[in-house]
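Single-structure report; data block below.
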Amino acid sequence: PLLATDIGLAVSRLLEAQRAARRYEDAERTLNSYVRLSRQLELSPEQMADMYLHASQIRFDRRMFTDAVELAQKSDGVLAQLGIDAMHPARLERSRAMIIALIGQGSTHEASKAFDRLDELAGDDEALRRRANLPLERGLVYLDTEREVEASALFADLAAETAHVLGPEHFFVVQSRGLQAVALWRADSKASRDEAIPLLHGVMQQMMAPANVDYVEKVGLRIDIRNRIAETYLESISEIGGDEALAALQVADWIQTGVVREAVEDAATRSAAANPAIARLVRQDQELRNEIRALRKYLDGSGGLIDSLLPELANKTRDRIDALNQQRGGLHARIKARLPDYEQMVRPRPASMSDIAGGLAGDEAVALLLPTER
């Protein structure tokens with residue numbers, strides 16, 4: 001049993017690192033090896049539950065939402081059989097994994113029923129109600145069940161809480177503010193829409209910033225949330241009209257760039273590989289990027305429990321990320337000196353109106369169409 005426990009802890013840490021680095025195929029292989037090994041070891045029910053949870057999280061990140069729901073339910077079922085209370089943090093972590101996967105699956109009604117069950121179990125106990133709040137997941141469910149005002153409040157609180165731990169400019173703070181703006185816009189009152197418009201504008205500028213490029217990827221619900229915020233922004237711009245509508249071109253181009261970014265980055269890497277010296281610098285840059293991703297994943301709180309981080313540890317982690325970003329900055333300068341087009345290849349800048357105007361002939365014009373349901 002002690003050997004099984006030690007191996008289980010080591011596998012858990014390895015899976016967390018592989019997931020943070022987006023090495024999902026490696027994580028799947030690690031899980032499969034662990035499953036084979038588990039047949040020879042006496043795994044405890046808790047270890048089986050952890051294995052199912054890791055598998056659910058990996059499938060969720062890979063957008064395999066049906067698998068993620070089933071695996072989260074299996075993990076929760078094991079803990080239920082052990083007599084662990086449904087409001088225990090370990091079981092709430094499983095509930096969260098199941099609910100977010102249900103949202104990805106498009107089963108909003110089932111996700112809503114899961115929250116109803118949690119609320120019933122929490123009753124009037126304020127501590128339990130806070131524990132089962134799950135503001136991101138609950139806000140997304142409320143957003144699609146005509147409870148936009150409540151969703152807006154949840155996302156505003158989430159942004160403030162996340163900013164306290166991760167800093168006001170962190171991508172997840174920006175994302176929460178963006179979802180708050182979406183909820184305000186969909187609340188469909190003049191006051192809420194007036195509040196949403198400047199919030200959407202600021203959020204889109206921050207989301208398109210180069211510092212957030214590593215967060216704009218097809219992992220879990222991230223691309224769905226990004227598109228929902230961007231589409232709401234475009235809808236708001238279409239109603240404002242005038243010169244503001246020109247800003248929609250950059251957003252539309254940014255969305256398209258995000259879709260193909262990984263392929264573009266791969267092409268840039270292959271291009272650099274023709275020069276061994278540049279290829280070596282590019283590999284160093286990718287290693288630093290992966291370490292930053294892993295640290296950010298840890299800092300963000302893999303289980304959604306970001307306030308469980310010790311402040312001193314969080315500060316040290318942020319300092320490490322800053323140091324690594326400085327190293328990347330130095331590497332980028334060296335790469336750019338040898339391959340001037342590399343930065344533009346990896347992170348294409350959205351076209352501005354002056355860029356577009358410069359490419360038009362005298363008898364050409366740009367027609368900007370922003371169709372909406374209205």
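Residue names in the structure tokens use chain letters A, B, ... in the order shown, residue numbers from 1 in each chain, and ligand numbers from 1 in the order shown.
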Show me, as a ChimeraX atom specification, the residues that have an atom within 10 Å of Leu158 (chain A) when counting only C-alpha atoms, minus same-chain residues fewer than 4 positions from it.
/A:134-136,139,152-154,162-164,172-173,175-177,180
Selection near Trp185 (chain A), 8 Å with only C-alpha atoms, sequence-local residues under 3 positions removed, as a list in words
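Final neighbour list, sorted by chain and number: Ala181, Val182, Asp188, Ser189, Ser192, Arg193, Ala196, Ile197 and Thr232 of chain A.
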Write out as a PyMOL selection string which residues come within 8 Å of Ile335 (chain A) when counting only C-alpha atoms, dropping same-chain ones fewer than 3 positions away.
chain A and resi 278+281-282+331-332+338-340+342
Tell me which protein, DNA and RNA residues are within 12 Å of Leu82 (chain A), counting only C-alpha atoms, leaving out same-chain ones fewer than 6 positions away, and put them as a PyMOL selection string.
chain A and resi 44-46+48-49+75-76+91
Quick one: residues within 9 Å of Gln105 (chain A), only C-alpha atoms, excluding same-chain residues fewer than 5 positions away - as a PyMOL selection string?
chain A and resi 63-66+69+100
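You will find CA of Glu28 (chain A) at 20.4 Å from CA of Gly104 (chain A).
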So that I can see what lies close to Gly220 (chain A), please list as a PyMOL selection string the residues with an atom at most 12 Å from it, counting only C-alpha atoms and leaving out residues fewer than 6 positions away in the same chain.
chain A and resi 19+22+56-65+68+97+100-105+226
Between CA of Pro168 (chain A) and CA of Val141 (chain A), what is the distance in Å, rounded to a tenth?
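Calculated distance between CA of Pro168 (chain A) and CA of Val141 (chain A) is 24.9 Å.
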Per DSSP on the backbone, filter region 111-169 of chain A down to the residues in helix (DSSP H, G or I) and report them as JSON, numbers by chain.
{"A": [111, 112, 113, 114, 115, 116, 117, 118, 119, 120, 121, 122, 126, 127, 128, 129, 130, 131, 135, 136, 137, 138, 139, 140, 141, 142, 143, 148, 149, 150, 151, 152, 153, 154, 155, 156, 157, 158, 159, 160, 161, 162, 163, 164, 165, 166]}
Do a neighbour search on Ile99 (chain A) at 9 Å with only C-alpha atoms, toss out local chain neighbours closer than 4 positions, and write the hits as an MDAnalysis selection string.
chainID A and resid 69 94:95 103:104 108 110:112 114:115 137:138
